[in-house]
>>> print(open('final_26.cif').read())   # mmCIF, C-alpha atoms
data_query
loop_
_atom_site.label_atom_id
_atom_site.label_comp_id
_atom_site.auth_asym_id
_atom_site.auth_seq_id
_atom_site.Cartn_x
_atom_site.Cartn_y
_atom_site.Cartn_z
CA MET T 1 -20.03 22.75 8.77
CA LEU T 2 -16.67 20.96 8.82
CA ILE T 3 -14.92 24.15 9.92
CA VAL T 4 -17.31 24.51 12.86
CA ILE T 5 -16.81 20.86 13.82
CA ALA T 6 -13.03 21.27 13.57
CA ILE T 7 -13.16 24.30 15.88
CA VAL T 8 -15.30 22.36 18.37
CA GLY T 9 -12.77 19.53 18.23
CA LEU T 10 -9.93 22.00 18.79
CA VAL T 11 -11.57 23.34 21.95
CA LEU T 12 -12.55 19.90 23.25
CA GLY T 13 -9.08 18.54 22.53
CA ARG T 14 -7.61 21.29 24.67
CA LEU T 15 -10.15 20.60 27.43
CA ALA T 16 -9.41 16.87 27.20
CA ALA T 17 -5.77 17.59 28.05
CA GLY T 18 -6.79 19.59 31.11
CA TRP T 19 -9.28 16.94 32.20
CA ALA T 20 -6.72 14.16 31.73
CA SER T 21 -4.22 16.00 33.92
CA VAL T 22 -6.80 16.48 36.69
CA LEU T 23 -7.79 12.81 36.55
CA LEU T 24 -4.11 11.89 36.99
CA GLU T 25 -3.59 13.98 40.11
CA GLY T 26 -0.87 12.35 42.19
CA MET T 27 0.43 10.50 39.12
CA ASN T 28 2.12 11.57 35.89
CA SER T 29 -0.06 14.46 34.76
CA GLY T 30 2.20 15.42 31.88
CA GLY T 31 3.23 18.69 33.49
CA LEU T 32 -0.21 20.32 33.44
CA LEU T 33 -0.76 20.03 37.20
CA GLU T 34 2.76 20.74 38.36
CA CYS T 35 6.25 21.02 36.91
CA ALA T 36 7.81 17.59 36.52
CA SER T 37 11.17 18.94 37.76
CA CYS T 38 10.53 21.40 40.59
CA ARG T 39 6.91 20.43 41.43
CA ARG T 40 5.77 24.03 41.14
CA PRO T 41 1.96 24.02 40.61
CA VAL T 42 0.56 25.09 37.25
CA SER T 43 -2.19 27.68 37.45
CA ARG T 44 -5.74 26.65 36.60
CA ARG T 45 -5.86 29.15 33.77
CA GLN T 46 -2.78 27.63 32.16
CA ARG T 47 -4.00 24.09 32.79
CA TRP T 48 -7.37 24.59 31.11
CA LEU T 49 -7.12 27.63 28.84
CA SER T 50 -3.54 28.25 27.76
CA TRP T 51 -2.97 27.94 24.02
CA MET T 52 0.77 28.50 24.36
CA PRO T 53 3.60 26.26 25.58
CA ILE T 54 3.69 26.27 29.39
CA TRP T 55 7.03 27.31 30.85
CA CYS T 56 8.09 26.90 34.45
CA GLU T 57 10.32 29.40 36.27
CA CYS T 58 12.87 26.64 36.85
CA GLY T 59 13.68 26.76 33.14
CA THR T 60 12.89 23.15 32.23
CA ASN T 61 11.49 22.14 28.86
CA PRO T 62 8.04 23.61 28.17
CA VAL T 63 4.87 21.51 28.12
CA ARG T 64 3.41 21.35 24.62
CA TRP T 65 1.38 18.13 24.43
CA HIS T 66 -1.87 19.94 25.31
CA LEU T 67 -1.57 21.81 22.01
CA ALA T 68 -1.00 18.56 20.12
CA SER T 69 -4.09 17.16 21.84
CA ALA T 70 -6.20 20.04 20.54
CA VAL T 71 -4.91 19.75 16.98
CA CYS T 72 -5.25 15.95 16.84
CA LEU T 73 -8.83 15.87 18.15
CA SER T 74 -9.77 18.70 15.79
CA ALA T 75 -8.48 16.70 12.83
CA LEU T 76 -10.23 13.57 14.12
CA PHE T 77 -13.55 15.40 14.49
CA ALA T 78 -13.34 16.93 11.03
CA GLY T 79 -12.24 13.70 9.37
CA PHE T 80 -14.99 11.63 10.96
CA ALA T 81 -17.65 14.22 10.16
CA TRP T 82 -16.54 14.26 6.54
CA LEU T 83 -16.70 10.46 6.35
CA LEU T 84 -20.15 10.42 7.96
CA LEU T 85 -21.79 13.37 6.19
CA GLY T 86 -19.74 13.63 3.01
CA PRO T 87 -19.90 11.66 -0.22
CA LEU T 88 -18.69 8.41 1.39
CA HIS T 89 -21.52 8.14 3.98
CA CYS T 90 -19.45 5.76 6.07
CA GLN T 91 -22.36 4.55 8.22
CA ASP T 92 -25.07 4.40 5.55
CA VAL T 93 -26.66 0.92 5.74
CA THR T 94 -30.01 -0.37 4.55
CA GLU T 95 -31.30 -1.50 7.93
CA VAL T 96 -30.93 1.77 9.85
CA ARG T 97 -32.15 5.12 8.54
CA PRO T 98 -31.89 7.85 11.21
CA GLU T 99 -34.06 10.92 10.85
CA SER T 100 -31.06 13.26 11.00
CA LEU T 101 -27.39 12.37 11.20
CA ILE T 102 -26.42 15.94 12.05
CA ARG T 103 -28.78 16.26 15.01
CA SER T 104 -28.47 12.72 16.38
CA ARG T 105 -25.70 10.30 15.51
CA LEU T 106 -22.98 12.84 14.66
CA PRO T 107 -22.92 14.57 18.08
CA PHE T 108 -23.39 11.18 19.77
CA HIS T 109 -20.30 9.75 18.10
CA LEU T 110 -18.29 12.95 18.48
CA LEU T 111 -18.93 12.60 22.22
CA LEU T 112 -17.53 9.07 22.03
CA LEU T 113 -14.44 10.35 20.19
CA PHE T 114 -13.89 12.93 22.94
CA LEU T 115 -14.14 10.28 25.66
CA LEU T 116 -11.90 7.84 23.80
CA TRP T 117 -9.35 10.59 23.26
CA THR T 118 -9.33 11.54 26.95
CA ALA T 119 -8.90 7.89 27.96
CA THR T 120 -6.06 7.56 25.44
CA LEU T 121 -4.28 10.56 26.93
CA THR T 122 -4.45 9.20 30.48
CA ASP T 123 -3.37 5.74 29.32
CA LEU T 124 -0.39 7.11 27.43
CA LEU T 125 0.65 9.37 30.30
CA ASP T 126 0.44 6.88 33.18
CA TYR T 127 -1.23 3.64 31.99
CA VAL T 128 -4.50 4.58 33.69
CA ILE T 129 -8.03 4.70 32.26
CA PRO T 130 -10.18 6.48 34.87
CA ASP T 131 -13.67 5.25 35.71
CA GLU T 132 -14.92 8.82 35.45
CA VAL T 133 -14.33 8.64 31.70
CA THR T 134 -15.46 5.07 31.03
CA TRP T 135 -18.35 4.39 33.39
CA GLY T 136 -19.46 8.01 33.32
CA GLY T 137 -19.45 7.98 29.51
CA ALA T 138 -21.16 4.58 29.34
CA GLY T 139 -23.93 5.78 31.63
CA LEU T 140 -24.37 8.88 29.49
CA ALA T 141 -24.56 6.70 26.35
CA LEU T 142 -27.30 4.57 27.91
CA LEU T 143 -29.30 7.67 28.80
CA LEU T 144 -28.91 9.28 25.38
CA ALA T 145 -29.68 6.05 23.50
CA THR T 146 -32.83 5.54 25.57
CA TRP T 147 -33.94 9.14 25.29
CA SER T 148 -33.43 9.38 21.53
CA GLY T 149 -34.29 5.90 20.30
CA ASP T 150 -32.55 6.77 17.01
CA LEU T 151 -28.80 6.61 17.69
CA GLN T 152 -27.95 3.01 16.80
CA MET T 153 -25.52 2.03 14.06
CA MET T 154 -27.36 -1.28 13.90
CA HIS T 155 -30.53 -2.61 15.50
CA LEU T 156 -30.30 -5.04 18.37
CA TRP T 157 -30.98 -7.94 16.01
CA VAL T 158 -31.19 -8.11 12.22
CA ASN T 159 -31.91 -11.39 10.43
CA TRP T 160 -30.81 -11.58 6.78
CA ASP T 161 -31.27 -15.34 6.58
CA LEU T 162 -34.26 -15.04 4.26
CA ALA T 163 -34.07 -18.71 3.31
CA MET T 164 -35.11 -19.61 6.85
CA GLU T 165 -38.09 -17.26 6.95
CA GLY T 166 -40.56 -20.08 6.37
CA ILE T 167 -39.18 -22.01 9.34
CA HIS T 168 -39.01 -19.09 11.74
CA GLY T 169 -42.45 -17.81 10.77
CA PRO T 170 -43.46 -14.27 11.72
CA TRP T 171 -40.75 -13.82 14.37
CA SER T 172 -38.85 -11.17 12.38
CA GLU T 173 -42.05 -9.25 11.70
CA GLN T 174 -42.92 -9.25 15.40
CA TRP T 175 -39.42 -8.06 16.22
CA LEU T 176 -39.66 -5.19 13.74
CA ALA T 177 -43.05 -4.22 15.15
CA TRP T 178 -41.60 -4.14 18.68
CA MET T 179 -38.70 -1.89 17.61
CA ASN T 180 -41.07 0.53 15.89
CA THR T 181 -43.50 0.56 18.80
CA HIS T 182 -40.89 0.87 21.55
CA PRO T 183 -37.93 2.81 20.10
CA HIS T 184 -36.76 4.05 23.49
CA LEU T 185 -36.71 0.57 25.02
CA HIS T 186 -34.89 -0.61 21.92
CA GLY T 187 -32.37 2.20 22.42
CA LEU T 188 -31.73 1.03 25.97
CA ALA T 189 -31.51 -2.60 24.82
CA TRP T 190 -28.93 -2.16 22.04
CA SER T 191 -26.76 0.16 24.13
CA LEU T 192 -26.87 -2.15 27.15
CA ALA T 193 -26.08 -5.15 24.94
CA GLY T 194 -23.05 -3.33 23.54
CA LEU T 195 -21.86 -2.32 27.01
CA THR T 196 -22.17 -5.91 28.27
CA THR T 197 -20.48 -7.38 25.20
CA GLY T 198 -17.52 -5.01 25.33
CA GLY T 199 -16.95 -5.19 29.07
CA LEU T 200 -17.48 -8.93 29.54
CA LEU T 201 -15.50 -10.16 26.54
CA THR T 202 -12.57 -7.86 27.30
CA TRP T 203 -12.55 -9.11 30.88
CA LEU T 204 -12.41 -12.68 29.50
CA LEU T 205 -9.56 -11.66 27.20
CA ARG T 206 -7.79 -10.28 30.26
CA TRP T 207 -8.20 -13.65 31.98
CA VAL T 208 -6.81 -15.47 28.93
CA SER T 209 -3.79 -13.16 28.80
CA GLN T 210 -3.10 -13.80 32.48
CA ARG T 211 -3.09 -17.55 31.82
CA LEU T 212 -0.78 -17.22 28.82
CA LEU T 213 1.66 -14.63 30.17
CA GLY T 214 1.47 -15.21 33.90
CA ARG T 215 0.14 -11.68 34.28
CA PRO T 216 -2.73 -9.83 32.61
CA ALA T 217 -1.78 -8.01 29.41
CA LEU T 218 -5.03 -6.07 29.64
CA GLY T 219 -6.02 -3.90 32.58
CA LEU T 220 -9.43 -3.51 34.11
CA GLY T 221 -9.45 -0.08 32.50
CA ASP T 222 -9.33 -1.75 29.08
CA ALA T 223 -12.48 -3.70 29.97
CA THR T 224 -14.28 -0.54 31.07
CA LEU T 225 -13.04 1.24 27.93
CA MET T 226 -14.66 -1.43 25.76
CA ALA T 227 -17.82 -1.19 27.84
CA LEU T 228 -17.82 2.52 27.01
CA ALA T 229 -17.32 1.88 23.29
CA GLY T 230 -19.98 -0.83 23.31
CA ALA T 231 -22.56 1.43 24.90
CA PHE T 232 -22.10 3.87 22.00
CA LEU T 233 -21.66 1.38 19.14
CA GLY T 234 -23.80 -1.67 19.94
CA TRP T 235 -22.77 -5.29 20.26
CA GLN T 236 -22.16 -6.01 16.55
CA ALA T 237 -19.70 -3.16 16.07
CA THR T 238 -18.10 -3.97 19.43
CA LEU T 239 -17.32 -7.51 18.28
CA CYS T 240 -15.72 -6.02 15.17
CA VAL T 241 -13.59 -3.76 17.38
CA LEU T 242 -12.40 -6.72 19.45
CA ALA T 243 -11.70 -8.74 16.30
CA ILE T 244 -9.42 -6.13 14.73
CA ALA T 245 -7.86 -4.76 17.94
CA PRO T 246 -5.04 -7.36 18.05
CA LEU T 247 -4.21 -6.61 14.42
CA THR T 248 -4.33 -2.86 15.07
CA GLY T 249 -2.15 -3.35 18.13
CA GLY T 250 0.36 -5.38 16.15
CA VAL T 251 0.69 -2.79 13.41
CA ILE T 252 0.90 0.19 15.77
CA GLY T 253 3.21 -1.68 18.16
CA VAL T 254 5.69 -2.52 15.41
CA ALA T 255 5.57 1.05 14.11
CA VAL T 256 6.21 2.48 17.59
CA ARG T 257 9.05 0.01 18.13
CA VAL T 258 10.72 0.96 14.84
CA ILE T 259 10.24 4.72 15.21
CA SER T 260 10.89 5.26 18.92
CA GLY T 261 12.42 2.02 20.18
CA ARG T 262 9.74 1.87 22.84
CA GLY T 263 8.93 -1.76 23.60
CA PHE T 264 5.60 -1.37 25.40
CA VAL T 265 2.55 0.74 24.69
CA ALA T 266 -0.67 0.57 26.66
CA TYR T 267 -3.39 -1.51 24.99
CA GLY T 268 -6.10 1.12 25.53
CA PRO T 269 -5.02 3.27 22.57
CA TYR T 270 -5.21 0.19 20.31
CA LEU T 271 -8.79 -0.44 21.43
CA ALA T 272 -9.67 3.22 20.92
CA ALA T 273 -8.08 3.25 17.45
CA SER T 274 -9.97 0.08 16.51
CA ALA T 275 -13.25 1.63 17.65
CA VAL T 276 -12.59 4.69 15.47
CA LEU T 277 -11.78 2.46 12.50
CA VAL T 278 -15.02 0.51 12.89
CA MET T 279 -17.06 3.71 13.25
CA SER T 280 -15.44 5.15 10.14
CA ALA T 281 -15.77 2.03 7.97
CA TRP T 282 -19.07 0.59 9.19
CA ARG T 283 -20.79 0.74 5.81
CA TRP T 284 -18.08 -1.34 4.14
CA LEU T 285 -17.71 -3.73 7.05
CA TRP T 286 -21.43 -4.37 7.35
CA ALA T 287 -22.59 -4.61 3.73
CA ASP T 288 -20.50 -3.19 0.91
CA PHE T 289 -17.25 -5.13 1.31
CA LEU T 290 -17.09 -7.77 4.06
CA SER T 291 -20.88 -8.29 4.33
CA LEU T 292 -20.71 -8.93 8.06
CA ARG T 293 -24.50 -8.67 8.22
CA ASP T 294 -24.60 -12.29 7.03
CA ILE T 295 -22.44 -13.32 9.99
CA PHE T 296 -24.52 -11.38 12.48
CA SER T 297 -27.70 -13.05 11.24
CA HIS T 298 -26.31 -16.45 12.24
CA TRP T 299 -25.44 -17.20 15.87
CA PRO T 300 -22.81 -19.89 15.10
CA SER T 301 -21.02 -17.36 12.88
CA VAL T 302 -21.16 -14.79 15.69
CA LEU T 303 -19.54 -17.30 18.02
CA GLY T 304 -16.94 -17.95 15.32
CA LEU T 305 -16.13 -14.23 15.18
CA ILE T 306 -15.69 -14.20 18.96
CA GLY T 307 -13.40 -17.22 18.65
CA PHE T 308 -11.39 -15.43 15.95
CA ALA T 309 -10.87 -12.44 18.25
CA PHE T 310 -9.77 -14.68 21.12
CA GLY T 311 -7.54 -16.77 18.88
CA THR T 312 -5.82 -13.80 17.26
CA LEU T 313 -5.12 -12.18 20.61
CA SER T 314 -3.88 -15.47 22.06
CA LEU T 315 -1.40 -15.89 19.19
CA LEU T 316 -0.11 -12.36 19.66
CA LEU T 317 0.22 -12.89 23.40
CA LEU T 318 2.11 -16.13 22.85
CA ALA T 319 4.43 -14.31 20.44
CA LEU T 320 4.92 -11.63 23.08
CA ARG T 321 5.76 -14.27 25.67
CA VAL T 322 8.37 -15.83 23.37
CA PHE T 323 9.81 -12.39 22.59
CA ARG T 324 10.10 -11.55 26.29
CA SER T 325 11.78 -14.87 27.09
CA ILE T 326 14.33 -14.36 24.30
CA THR T 327 14.99 -10.80 25.46
CA SER T 328 15.43 -11.84 29.09
CA ARG T 329 17.91 -14.62 28.16
CA ARG T 330 19.86 -12.15 26.03
CA ASP T 331 19.97 -9.66 28.92
CA ARG T 332 21.26 -12.34 31.34
CA ARG T 333 24.14 -13.06 28.98
#
>>> encode(input="final_26.cif", output="structure tokens")
Amino acid sequence: MLIVIAIVGLVLGRLAAGWASVLLEGMNSGGLLECASCRRPVSRRQRWLSWMPIWCECGTNPVRWHLASAVCLSALFAGFAWLLLGPLHCQDVTEVRPESLIRSRLPFHLLLLFLLWTATLTDLLDYVIPDEVTWGGAGLALLLATWSGDLQMMHLWVNWDLAMEGIHGPWSEQWLAWMNTHPHLHGLAWSLAGLTTGGLLTWLLRWVSQRLLGRPALGLGDATLMALAGAFLGWQATLCVLAIAPLTGGVIGVAVRVISGRGFVAYGPYLAASAVLVMSAWRWLWADFLSLRDIFSHWPSVLGLIGFAFGTLSLLLLALRVFRSITSRRDRR
């Protein structure tokens, strides 16, 4: 099974490179549309199907990143499938028991990985996250979640505050009855809630960054990327992604700075990496280690988590502002 999934990831990773280059037509396509030196067009066969380095007649360096794309997505597919289906059961939680992971949630989340990977490629190449990937993928997630009714990592609302059961009465029982009676409406509801949470909160983070830095540190593409992730993951997991994204960005940013000396990396890959981390560690985040289910049963705690995400990002943005001011003064000297 893992070998088959790895092969599928290899093929889709290669296609993602071709799709990313087409989406970036007129921009930096990474040499898969035309040679970066002489502007000679690359044939469609080479763009989509070539499994060899692409050489131009002008003799410039060959294009190889499409091969790295295939290998990386293949490894990502196989690793995630092993975490999901193997002995770790990374998304196994008490509240949600899908009928079949292999036929439902696995292909659903592999589709998300493919879309996140394509968006990461375009963002790394030219700091662009196309709407075709984000809004198209989010719309597809809404349709699939509604059609299946069994794709959620977590239900729209789960209340573990058992001590309050006597006060709230039969509300939780009515809610459970509604989910069981209307699984397709519930599928639409949780996916739409995730889409709204990811898109709206990231847009607010963009506004905060503009106030702190004088210009937005997040693009509109980052907001649509989180809307895409939210439509696949639901609002609880999306909040987790936003909470750890600044930390992920800090770690990756420092590593990139040390290794390559590059001072700026698009924020989209950090969001995508955070989404993959949450998908791959959901069981431990929700119940086995952090017990986030207690937080998500209590609205004030949910608001506190949102505040933590905003606060962490604000601190990092302030640090970035100080770093830029120090760098600019040093350059003027």
>>> closest_residue(input="final_26.cif", among="T:Ser291, T:Thr197, T:Gln236, T:Thr122", to="T:Leu24", atoms="all atoms listed in the file")
T:Thr122
>>> residues_around(input="final_26.cif", residues="stretch 65-69 of chain T", least_positions_apart="5", cutoff="6 Å", atoms="only C-alpha atoms", output="number ranges by chain")
T: 13-14, 17
>>> atom_distance(input="final_26.cif", atom1="atom CA of T:Ala231", atom2="atom CA of T:Cys72")
24.0 Å
>>> residues_near_point(input="final_26.cif", point="(-33.7, 5.6, 26.3)", cutoff="12 Å", atoms="all atoms listed in the file", output="PyMOL selection string")
chain T and resi 139-152+182-192+231
>>> write_last_selection(input="final_26.cif", atoms="C-alpha atoms", output="mmCIF file, in the coordinates of the input")
data_model
loop_
_atom_site.group_PDB
_atom_site.id
_atom_site.type_symbol
_atom_site.label_atom_id
_atom_site.label_comp_id
_atom_site.auth_asym_id
_atom_site.auth_seq_id
_atom_site.Cartn_x
_atom_site.Cartn_y
_atom_site.Cartn_z
ATOM 1 C CA GLY T 139 -23.930 5.780 31.630
ATOM 2 C CA LEU T 140 -24.370 8.880 29.490
ATOM 3 C CA ALA T 141 -24.560 6.700 26.350
ATOM 4 C CA LEU T 142 -27.300 4.570 27.910
ATOM 5 C CA LEU T 143 -29.300 7.670 28.800
ATOM 6 C CA LEU T 144 -28.910 9.280 25.380
ATOM 7 C CA ALA T 145 -29.680 6.050 23.500
ATOM 8 C CA THR T 146 -32.830 5.540 25.570
ATOM 9 C CA TRP T 147 -33.940 9.140 25.290
ATOM 10 C CA SER T 148 -33.430 9.380 21.530
ATOM 11 C CA GLY T 149 -34.290 5.900 20.300
ATOM 12 C CA ASP T 150 -32.550 6.770 17.010
ATOM 13 C CA LEU T 151 -28.800 6.610 17.690
ATOM 14 C CA GLN T 152 -27.950 3.010 16.800
ATOM 15 C CA HIS T 182 -40.890 0.870 21.550
ATOM 16 C CA PRO T 183 -37.930 2.810 20.100
ATOM 17 C CA HIS T 184 -36.760 4.050 23.490
ATOM 18 C CA LEU T 185 -36.710 0.570 25.020
ATOM 19 C CA HIS T 186 -34.890 -0.610 21.920
ATOM 20 C CA GLY T 187 -32.370 2.200 22.420
ATOM 21 C CA LEU T 188 -31.730 1.030 25.970
ATOM 22 C CA ALA T 189 -31.510 -2.600 24.820
ATOM 23 C CA TRP T 190 -28.930 -2.160 22.040
ATOM 24 C CA SER T 191 -26.760 0.160 24.130
ATOM 25 C CA LEU T 192 -26.870 -2.150 27.150
ATOM 26 C CA ALA T 231 -22.560 1.430 24.900
#
>>> atom_distance(input="final_26.cif", atom1="atom CA of T:Ala75", atom2="atom CA of T:Met279")
15.6 Å
>>> closest_residue(input="final_26.cif", among="T:Trp55, T:Trp19, T:Trp235, T:Trp157", to="T:Asp294", atoms="all atoms listed in the file")
T:Trp157
>>> atom_distance(input="final_26.cif", atom1="atom CA of T:Cys35", atom2="atom CA of T:Leu23")
16.3 Å
>>> closest_residue(input="final_26.cif", among="T:Asp288, T:Glu57, T:Glu95, T:Asp222", to="T:Trp203", atoms="all atoms listed in the file")
T:Asp222
>>> residues_around(input="final_26.cif", residues="T:Pro130", least_positions_apart="4", cutoff="12 Å", atoms="all atoms listed in the file", output="list in words")
Trp19, Ala20, Ser21, Val22, Leu23, Leu24, Glu25, Leu115, Leu116, Thr118, Ala119, Thr120, Leu121, Thr122, Asp123, Asp126, Thr134, Trp135, Gly136, Gly137, Gly219, Leu220, Gly221, Asp222, Ala223, Thr224, Leu225, Leu228 and Gly268 of chain T
>>> closest_residue(input="final_26.cif", among="T:Thr238, T:Ser301, T:Ser104, T:Asn61", to="T:Trp282", atoms="only C-alpha atoms")
T:Thr238
>>> axis_aligned_box(input="final_26.cif", around="stretch 133-142 of chain T", padding_each_side="4 Å", output="AutoDock Vina command-line options")
--center_x -20.8 --center_y 6.6 --center_z 29.9 --size_x 21.0 --size_y 12.5 --size_z 15.0
